[in-house]
4 protein chains.
Amino acid sequence: MAHKKLNIGVIGAGRIGKLHANNVVNRIPRANLVAVSDVNLEAARELTDSLGVKDAYQDYHDILKRPDVDAVLICAPTDLHSPISIEAAHAGKHIFCEKPIDHDLAKIEAVLEAVRKAGVKYQVGFNRRFDRNFKKVRDRVQAGDVGEVHIVKVTSRDPAPPPAEYVQASGGIFVDMTIHDFDMVRYLTGSEVEEVSVFGAVLVDPAIGEAGDVDTCIINLRFKNGALGVIDNSRQAVYGYDQRIEVFGSKGCVTADNETANNTVLYTADAVTKEKPLWFFLERYNDAFIEEVREFADACLDGTDTPVGAFDGLQPVKIAIAAKKSWQLGGKPVIVE
Amino acid sequence: MAHKKLNIGVIGAGRIGKLHANNVVNRIPRANLVAVSDVNLEAARELTDSLGVKDAYQDYHDILKRPDVDAVLICAPTDLHSPISIEAAHAGKHIFCEKPIDHDLAKIEAVLEAVRKAGVKYQVGFNRRFDRNFKKVRDRVQAGDVGEVHIVKVTSRDPAPPPAEYVQASGGIFVDMTIHDFDMVRYLTGSEVEEVSVFGAVLVDPAIGEAGDVDTCIINLRFKNGALGVIDNSRQAVYGYDQRIEVFGSKGCVTADNETANNTVLYTADAVTKEKPLWFFLERYNDAFIEEVREFADACLDGTDTPVGAFDGLQPVKIAIAAKKSWQLGGKPVIVE
Amino acid sequence: MAHKKLNIGVIGAGRIGKLHANNVVNRIPRANLVAVSDVNLEAARELTDSLGVKDAYQDYHDILKRPDVDAVLICAPTDLHSPISIEAAHAGKHIFCEKPIDHDLAKIEAVLEAVRKAGVKYQVGFNRRFDRNFKKVRDRVQAGDVGEVHIVKVTSRDPAPPPAEYVQASGGIFVDMTIHDFDMVRYLTGSEVEEVSVFGAVLVDPAIGEAGDVDTCIINLRFKNGALGVIDNSRQAVYGYDQRIEVFGSKGCVTADNETANNTVLYTADAVTKEKPLWFFLERYNDAFIEEVREFADACLDGTDTPVGAFDGLQPVKIAIAAKKSWQLGGKPVIVE
Amino acid sequence: MAHKKLNIGVIGAGRIGKLHANNVVNRIPRANLVAVSDVNLEAARELTDSLGVKDAYQDYHDILKRPDVDAVLICAPTDLHSPISIEAAHAGKHIFCEKPIDHDLAKIEAVLEAVRKAGVKYQVGFNRRFDRNFKKVRDRVQAGDVGEVHIVKVTSRDPAPPPAEYVQASGGIFVDMTIHDFDMVRYLTGSEVEEVSVFGAVLVDPAIGEAGDVDTCIINLRFKNGALGVIDNSRQAVYGYDQRIEVFGSKGCVTADNETANNTVLYTADAVTKEKPLWFFLERYNDAFIEEVREFADACLDGTDTPVGAFDGLQPVKIAIAAKKSWQLGGKPVIVE
């Protein structure tokens with residue numbers, strides 16, 4: 001073949017690592033999967049076997065030191081995102097890193113610095129930007145179809161709550177869940193969040209409250225460009241993953257709705273029923289997961305900018321930290337640093 | 001005819017007075033319009049003439065002293081709502097009063113006291129409760145269809161901003177516009193608002209800002225029953241009156257959408273177009289304006305409770321006062337007294 | 001009052017007579033109800049009493065001979081439509097007649113002749129033309145929004161089948177039910193039907209088949225202007241009255257959907273449910289029933305053309321006769337005379 | 001790898017051949033593309049090169065004689081479908097053949113016979129059965145959700161007409177376009193078509209009429225199980241590929257709508273706009289094209305029945321022949337042999 005392909009190593013063979021590995025092999029023609037690593041070597045091996053890939057390692061350094069590896073997808077636990085990112089940058093590999101880069105701003109800054117110095121590509125896994133509906137909303141906003149943005153609204157509700165232990169480890173709802181929404185409002189408005197104010201509540205699972213977190217919240221946002229925003233989150237929408245957005249401005253309003261498995265409608269003597277929203281992120285953002293890595297591969301091969309840079313990994317964490325502080329202060333507005 | 005009808009006098013022959021007078025004559029079989037008063041006698045006379053009603057007065061006392069008048073609809077300017085209400089109560093008339101009763105809590109309390117003592121019926125003109133869609137949402141919530149309420153959302157945007165002078169006279173957006181939404185969230189949740197936090201902005205018309213008000217705002221709410229809420233307001237939705245609600249709870253979510261003039265859809269080479277939302281409150285709440293007075297007449301004739309009592313006129317004003325304070329404090333949460 | 005009102009007598013106090021009488025009294029300001037007649041005098045009396053109207057008669061001639069009666073609404077059984085129409089024309093009354101004028105073309109022609117000679121207004125009760133959705137479709141077609149019409153589609157299904165005896169008396173599905181659809185396609189296309197071809201079946205109730213009729217059918221149409229059309233009918237749509245239309249042309253397509261009691265949507269763990277279509281014609285065409293008589297009154301008072309003339313009463317019967325013949329011939333195309 | 005893959009040869013490197021070849025390589029993990037043939041060798045070579053496949057041939061016999069080829073996808077011109085099918089069957093290859101197998105019933109019967117004798121798998125390319133919406137409708141029907149089927153409706157309109165020469169070669173609208181709809185109604189109802197009646201017209205392009213075909217038609221259907229059906233076709237829906245279905249029965253109705261590129265809605269002062277239907281079959285049935293070959297591969301590898309057998313290739317041609325005859329007879333009903 002005439003076209004060069006991007007040789008990719010996947011670090012971490014958990015749920016999201018498997019997903020990306022599969023997509024690289026089956027859905028992204030310009031990328032090759034050359035190796036997978038996982039501290040659980042068996043998991044790595046099982047994944048490479050299933051995909052007809054030769055090399056599985058226990059130690060991700062074995063991937064980093066291979067000269068034929070052009071890029072890595074970091075799908076390891078969050079606390080390893082920043083150290084692996086830095087090492088990968090030093091090794092000259094392009095980097096796709098799952099979100100969040102870290103919860104610690106200093107560590108993220110160190111990643112940004114390393115990436116800048118190494119001159120490698122860096123992309124953060126904010127997959128929702130690649131959802132066809134949300135992308136179209138953003139395109140409309142950028143095209144001026146709604147004029148100046150006045151209000152941006154994000155509805156973001158998970159279908160089922162995580163165990164309380166997860167919440168304790170993750171850093172809480174603002175860092176593990178709302179962070180996607182913080183990225184989304186930046187993406188949609190093209191403006192930075194200046195100030196947040198949060199009302200939170202424990203309405204789904206008391207254990208989440210005991211773990212020091214909330215499971216339901218409404219987040220008021222003020223943007224640097226003057227616009228306002230609001231995000232509402234719940235850990236449990238029993239009807240499925242509820243992911244909708246709306247941007248309202250001086251010339252109009254644009255909305256994006258949930259996706260469903262199909263568009264059939266059933267009329268009976270009892271009711272008129274439509275399909276429920278797709279169940280969770282693997283279903284809803286299935287295509288977005290492919291598209292984000294496809295565009296990452298394109299950026300690496302073509303020398304263009306990645307669609308979600310390292311700076312885009314930093315900002316939502318700053319907002320999340322401010323949001324958490326506002327919640328702890330009972331809703332007092334907090335300036336985003 | 002066998003059935004007694006309710007004899008009604010309308011006080012104030014402005015836009016809303018005309019609307020109610022017309023509905024009483026043409027749409028509410030159990031009510032008679034017997035007189036209209038307005039400081040502008042000509043306006044009152046024109047209205048009675050057009051409706052085939054005999055008596056027009058300049059002084060509303062002429063209505064209050066007629067023994068054949070059972071009830072009055074108070075459609076005078078806001079600052080007259082409370083004094084007329086008190087006089088009408090003393091005169092033993094049932095009272096339907098446009099919202100808000102007053103901006104001053106003490107004056108509203110005086111009305112409540114007078115009404116209580118006189119034992120007359122009192123209804124406040126929160127017409128949106130009678131919208132078929134919103135009413136159905138509330139019925140669903142009350143029937144337990146969404147379980148315990150976790151989040152209530154109100155989108156409420158006017159099609160065009162009022163002149164800045166209006167805003168100065170009205171007491172501002174929270175009292176003249178959001179007050180309907182404050183009533184709506186109480187109606188939907190069946191719970192009182194405990195705390196509000198407001199981000200406001202002047203994005204539509206600088207003159208509104210110079211008049212000391214905002215034209216765009218997002219209002220975070222915490223209810224006594226633990227639920228959270230959010231209202232977003234704009235003085236200018238160029239596509240028409242945007243009035244939508246959503247109640248999310250432990251067992252599901254129920255939504256109500258805008259109304260349109262018809263449900264046709266046009267498919268052309270350029271676009272697929274639907275009808276815009278109905279333009280403003282006279283169009284959207286046309287049926288609701290009839291229904292509220294119909295139910296008021298029923299309550300008076302049948303001796304049942306009015307669907308929106310005097311207390312329901314008091315609470316939204318309290319919330320509005322707290323909201324204004326929160327906005328003045330830059331979004332700091334404020335407890336509703 | 002300055003404006004003259006139209007004095008109306010209602011002939012027939014059955015379901016549809018009651019409906020119109022109520023509307024005249026409560027919803028149509030330019031019309032007065034002065035009398036009601038019914039062979040069952042008690043029924044007429046009950047209706048006038050409930051509406052505060054003075055005169056009830058057993059014999060409709062008592063209405064026709066009153067000089068103060070300007071117009072009559074003929075709501076008697078179908079076989080009396082044409083003789084009463086002719087007598088009313090002779091008496092110089094404007095006439096609103098429920099559909100169909102008759103099943104017999106010669107009798108309809110006689111009505112047309114009498115009306116023409118007397119120079120009175122005549123309107124046939126094709127109420128669906130006044131449905132806000134269908135009217136908008138027609139306006140779009142007339143405005144050229146879909147270009148030249150190529151295909152018109154009507155879905156028309158009743159919620160529950162009539163008793164077999166009704167079908168025997170009515171003349172069958174084509175005359176008692178599809179006749180509305182035949183009017184609708186003329187209204188939408190502005191063209192006459194030239195040829196019909198019908199496949200019919202008995203799928204709902206065998207008794208209907210034994211009575212010599214079908215309960216399910218699909219009717220192919222060819223219009224004089226070259227367009228094609230299709231109507232599908234069923235006597236039983238268990239989810240409610242299914243009334244939808246679609247006009248497809250060289251520049252696009254326009255559709256009108258069913259109406260529902262409200263636009264709420266409920267999302268639960270089980271399903272996403274919308275409201276069912278309104279149950280039957282009294283619910284769906286409630287506003288259309290008012291509008292058609294309002295426009296009739298306007299035409300009589302203002303001397304303008306009625307919106308559905310006597311000729312519009314004739315043509316659908318011709319199509320119905322051809323349709324029935326096609327069905328009897330097993331679907332062979334039949335030319336409309 | 002543990003799992004055996006199906007080795008596939010693609011015969012014909014035109015638009016549809018390219019599509020399938022690409023899907024086999026990139027989207028169907030259980031299939032290998034081993035060779036492509038085309039009378040235009042350069043076209044075959046270009047396709048294999050672009051996909052990293054080794055062998056390109058001018059003569060499809062070179063594919064048939066390779067023992068490592070398990071199955072062929074026949075994407076050659078229609079007149080070669082039946083001879084290649086028969087040769088492939090003799091060669092013991094499983095066969096996926098684009099629709100229609102042929103226009104000549106005897107030739108199709110010969111294919112069926114050859115396939116039966118050889119005991120190979122045979123699938124016809126009725127891709128629409130694999131559309132997620134239509135499949136769900138069928139699942140609903142089979143599950144009894146609409147009870148006994150009374151009426152099935154198919155709207156099927158292409159976005160732009162083919163050149164008149166195409167129509168002459170193809171055998172006309174019934175064989176090249178409606179044949180998909182004939183398959184769809186069989187699929188949805190699970191019943192055979194017994195009788196058809198067709199009204200056709202030339203409203204889009206006079207050249208199509210001069211070529212002896214129609215470009216607009218409505219087809220009435222009667223099924224062996226008593227149900228009725230209707231298909232409406234147009235060669236030109238300027239707003240895009242219009243593909244909708246509806247199945248109505250004793251217990252309700254189920255509908256499937258068009259697909260759009262995204263579900264965003266834009267509200268402006270001018271209009272409320274949604275996305276248009278996807279432009280044509282390559283967009284709308286993109287996933288269906290993958291799914292049909294995936295299921296074909298599964299059937300071949302797992303020894304199960306193909307989801308659309310050779311008999312399913314025969315029946316729609318019979319209906320198309322009857323439809324054409326009905327049209328030629330001016331709409332007279334014609335029995336399907």
# chains A, B, ... in the order shown; residues from 1 in each chain; ligands from 1
>>> residues_around(residues="Ile101 (chain B)", least_positions_apart="5", cutoff="12 Å", atoms="only C-alpha atoms", output="PyMOL selection string")
chain B and resi 74-86+95-96+106-112+122-126+175-176+179+309-318
>>> write_last_selection(atoms="C-alpha atoms", output="short mmCIF file (atom, residue, chain, number, x, y, z; two decimals), in the first residue's frame")
data_model
loop_
_atom_site.label_atom_id
_atom_site.label_comp_id
_atom_site.auth_asym_id
_atom_site.auth_seq_id
_atom_site.Cartn_x
_atom_site.Cartn_y
_atom_site.Cartn_z
CA ILE B 74 -58.92 42.80 39.24
CA CYS B 75 -57.06 43.80 36.08
CA ALA B 76 -55.88 47.21 37.29
CA PRO B 77 -52.19 48.24 37.53
CA THR B 78 -50.16 46.19 40.01
CA ASP B 79 -49.95 48.87 42.69
CA LEU B 80 -53.75 48.82 42.94
CA HIS B 81 -54.04 45.04 43.28
CA SER B 82 -53.73 44.96 47.03
CA PRO B 83 -55.93 47.94 47.96
CA ILE B 84 -58.71 46.84 45.60
CA SER B 85 -58.39 43.27 46.84
CA ILE B 86 -58.89 44.44 50.41
CA ILE B 95 -61.81 37.99 43.93
CA PHE B 96 -59.75 36.99 40.95
CA ALA B 106 -46.61 43.26 54.01
CA LYS B 107 -49.25 44.40 51.56
CA ILE B 108 -49.81 40.87 50.36
CA GLU B 109 -50.11 39.66 53.93
CA ALA B 110 -52.77 42.33 54.49
CA VAL B 111 -54.70 40.99 51.51
CA LEU B 112 -54.48 37.45 52.84
CA TYR B 122 -59.43 34.47 46.15
CA GLN B 123 -57.56 33.42 43.04
CA VAL B 124 -54.31 34.75 41.60
CA GLY B 125 -53.88 34.87 37.82
CA PHE B 126 -51.17 32.27 37.42
CA VAL B 175 -41.06 40.09 39.76
CA ASP B 176 -42.65 40.66 36.38
CA ILE B 179 -42.66 35.12 39.04
CA GLY B 309 -55.19 30.61 46.33
CA ALA B 310 -53.99 33.79 48.00
CA PHE B 311 -51.05 31.97 49.59
CA ASP B 312 -49.97 30.97 46.09
CA GLY B 313 -49.81 34.67 45.34
CA LEU B 314 -47.54 35.30 48.28
CA GLN B 315 -44.88 32.62 47.89
CA PRO B 316 -43.59 33.49 44.39
CA VAL B 317 -43.05 37.09 45.49
CA LYS B 318 -40.92 35.87 48.36
#
>>> interface_residues(of="chain C", to="chain A", cutoff="12 Å", atoms="only C-alpha atoms", output="list of chain:residue names")
C:Pro159, C:Ala160, C:Gln236, C:Ala237, C:Val238, C:Tyr239, C:Gly240, C:Tyr241, C:Asp242, C:Thr260, C:Asn263, C:Thr264, C:Val265, C:Leu266, C:Tyr267, C:Thr268, C:Ala269, C:Asp270, C:Ala271, C:Val272, C:Thr273, C:Lys274, C:Glu275, C:Lys276, C:Pro277, C:Leu278, C:Trp279
>>> residues_around(residues="Leu51 (chain B)", least_positions_apart="3", cutoff="10 Å", atoms="only C-alpha atoms", output="ChimeraX atom specification")
/B:18,21-22,24-26,33,45-48,54 /C:1,29
>>> write_last_selection(atoms="C-alpha atoms", output="PDB file, in the first residue's frame")
ATOM      1  CA  LYS B  18     -60.447  43.026  27.753  1.00  0.00           C
ATOM      2  CA  ALA B  21     -64.203  40.327  29.774  1.00  0.00           C
ATOM      3  CA  ASN B  22     -64.428  38.717  26.369  1.00  0.00           C
ATOM      4  CA  VAL B  24     -66.567  35.778  30.449  1.00  0.00           C
ATOM      5  CA  VAL B  25     -69.099  36.794  27.817  1.00  0.00           C
ATOM      6  CA  ASN B  26     -68.237  34.313  25.089  1.00  0.00           C
ATOM      7  CA  LEU B  33     -70.362  40.031  32.837  1.00  0.00           C
ATOM      8  CA  ARG B  45     -67.574  51.963  27.750  1.00  0.00           C
ATOM      9  CA  GLU B  46     -66.022  50.744  24.514  1.00  0.00           C
ATOM     10  CA  LEU B  47     -65.512  47.318  26.020  1.00  0.00           C
ATOM     11  CA  THR B  48     -69.031  47.006  27.422  1.00  0.00           C
ATOM     12  CA  LYS B  54     -74.931  47.551  30.072  1.00  0.00           C
TER      13      LYS B  54
ATOM     14  CA  MET C   1     -75.120  46.550  19.419  1.00  0.00           C
ATOM     15  CA  PRO C  29     -70.588  35.839  18.375  1.00  0.00           C
TER      16      PRO C  29
END
>>> select_by_dssp(residues="region 53-266 of chain D", states="strand (DSSP E or B)", output="ChimeraX atom specification")
/D:55-57,71-74,94-97,122-124,149-157,193-201,216-223,228-234,242-249,252-256,260,265-266
>>> write_last_selection(atoms="C-alpha atoms", output="mmCIF file, in the first residue's frame")
data_model
loop_
_atom_site.group_PDB
_atom_site.id
_atom_site.type_symbol
_atom_site.label_atom_id
_atom_site.label_comp_id
_atom_site.auth_asym_id
_atom_site.auth_seq_id
_atom_site.Cartn_x
_atom_site.Cartn_y
_atom_site.Cartn_z
ATOM 1 C CA ASP D 55 -5.429 -10.653 -6.571
ATOM 2 C CA ALA D 56 -7.339 -8.866 -9.298
ATOM 3 C CA TYR D 57 -8.740 -10.662 -12.354
ATOM 4 C CA ALA D 71 -18.017 -17.448 -1.261
ATOM 5 C CA VAL D 72 -18.621 -14.871 -3.960
ATOM 6 C CA LEU D 73 -20.423 -11.564 -3.954
ATOM 7 C CA ILE D 74 -21.981 -11.090 -7.397
ATOM 8 C CA HIS D 94 -21.671 -19.773 -1.358
ATOM 9 C CA ILE D 95 -23.350 -16.925 -3.166
ATOM 10 C CA PHE D 96 -24.432 -13.420 -2.283
ATOM 11 C CA CYS D 97 -26.108 -11.873 -5.332
ATOM 12 C CA TYR D 122 -27.636 -18.167 -1.400
ATOM 13 C CA GLN D 123 -28.515 -14.634 -0.366
ATOM 14 C CA VAL D 124 -30.114 -11.835 -2.386
ATOM 15 C CA VAL D 149 -51.843 -7.151 10.032
ATOM 16 C CA HIS D 150 -54.564 -5.231 8.200
ATOM 17 C CA ILE D 151 -52.646 -2.624 6.194
ATOM 18 C CA VAL D 152 -48.975 -2.212 5.278
ATOM 19 C CA LYS D 153 -47.778 1.053 3.753
ATOM 20 C CA VAL D 154 -44.476 1.791 2.090
ATOM 21 C CA THR D 155 -43.330 5.231 1.009
ATOM 22 C CA SER D 156 -40.346 4.861 -1.275
ATOM 23 C CA ARG D 157 -39.057 7.795 -3.252
ATOM 24 C CA VAL D 193 -48.732 -10.841 -2.467
ATOM 25 C CA GLU D 194 -51.693 -12.271 -4.307
ATOM 26 C CA GLU D 195 -52.908 -9.399 -6.432
ATOM 27 C CA VAL D 196 -51.718 -5.963 -7.488
ATOM 28 C CA SER D 197 -53.316 -2.917 -9.043
ATOM 29 C CA VAL D 198 -51.225 0.016 -10.243
ATOM 30 C CA PHE D 199 -51.866 3.623 -11.172
ATOM 31 C CA GLY D 200 -48.783 5.092 -12.835
ATOM 32 C CA ALA D 201 -47.924 8.505 -14.213
ATOM 33 C CA THR D 216 -44.622 8.075 -10.210
ATOM 34 C CA CYS D 217 -46.939 5.291 -9.132
ATOM 35 C CA ILE D 218 -49.220 3.984 -6.457
ATOM 36 C CA ILE D 219 -49.507 0.254 -6.070
ATOM 37 C CA ASN D 220 -52.394 -1.427 -4.340
ATOM 38 C CA LEU D 221 -51.677 -4.869 -2.900
ATOM 39 C CA ARG D 222 -53.747 -7.738 -1.610
ATOM 40 C CA PHE D 223 -51.952 -10.396 0.424
ATOM 41 C CA LEU D 228 -54.032 -4.968 2.135
ATOM 42 C CA GLY D 229 -51.015 -2.891 1.233
ATOM 43 C CA VAL D 230 -49.964 0.192 -0.646
ATOM 44 C CA ILE D 231 -46.655 1.395 -2.036
ATOM 45 C CA ASP D 232 -46.109 4.878 -3.389
ATOM 46 C CA ASN D 233 -43.072 5.573 -5.527
ATOM 47 C CA SER D 234 -41.537 8.633 -7.069
ATOM 48 C CA ASP D 242 -37.864 9.168 1.389
ATOM 49 C CA GLN D 243 -38.134 5.725 2.924
ATOM 50 C CA ARG D 244 -40.851 5.171 5.459
ATOM 51 C CA ILE D 245 -43.022 2.242 6.431
ATOM 52 C CA GLU D 246 -46.099 1.617 8.504
ATOM 53 C CA VAL D 247 -47.835 -1.565 9.561
ATOM 54 C CA PHE D 248 -51.352 -1.252 10.907
ATOM 55 C CA GLY D 249 -53.236 -4.088 12.549
ATOM 56 C CA GLY D 252 -52.190 -1.053 16.811
ATOM 57 C CA CYS D 253 -49.776 0.475 14.371
ATOM 58 C CA VAL D 254 -46.008 0.669 14.083
ATOM 59 C CA THR D 255 -44.100 3.173 11.976
ATOM 60 C CA ALA D 256 -40.505 3.737 10.917
ATOM 61 C CA THR D 260 -31.146 12.027 9.209
ATOM 62 C CA VAL D 265 -33.175 21.368 15.469
ATOM 63 C CA LEU D 266 -32.566 25.027 14.695
#
>>> residues_around(residues="Val293 (chain D)", least_positions_apart="2", cutoff="8 Å", atoms="only C-alpha atoms", output="list in words")
His20, Val24, Ile28, Phe96, Phe289, Ile290, Glu291, Glu295, Phe296 and Ala297 of chain D
>>> select_by_dssp(residues="region 27-197 of chain C", states="alpha helix (DSSP H)", output="ChimeraX atom specification")
/C:27,41-51,61-64,78-90,105-118,132-142,164-170,173-176,178-189
>>> atom_distance(atom1="CA of Pro100 (chain A)", atom2="CA of Met184 (chain A)")
13.7 Å
>>> atom_distance(atom1="CA of Pro163 (chain A)", atom2="CA of Ala207 (chain A)")
8.2 Å
>>> atom_distance(atom1="CA of Leu188 (chain D)", atom2="CA of Lys251 (chain D)")
15.8 Å
>>> residues_around(residues="Phe174 (chain B)", least_positions_apart="6", cutoff="8 Å", atoms="only C-alpha atoms", output="list of chain:residue names")
B:Ala320, B:Ile321, B:Ala323, B:Lys324
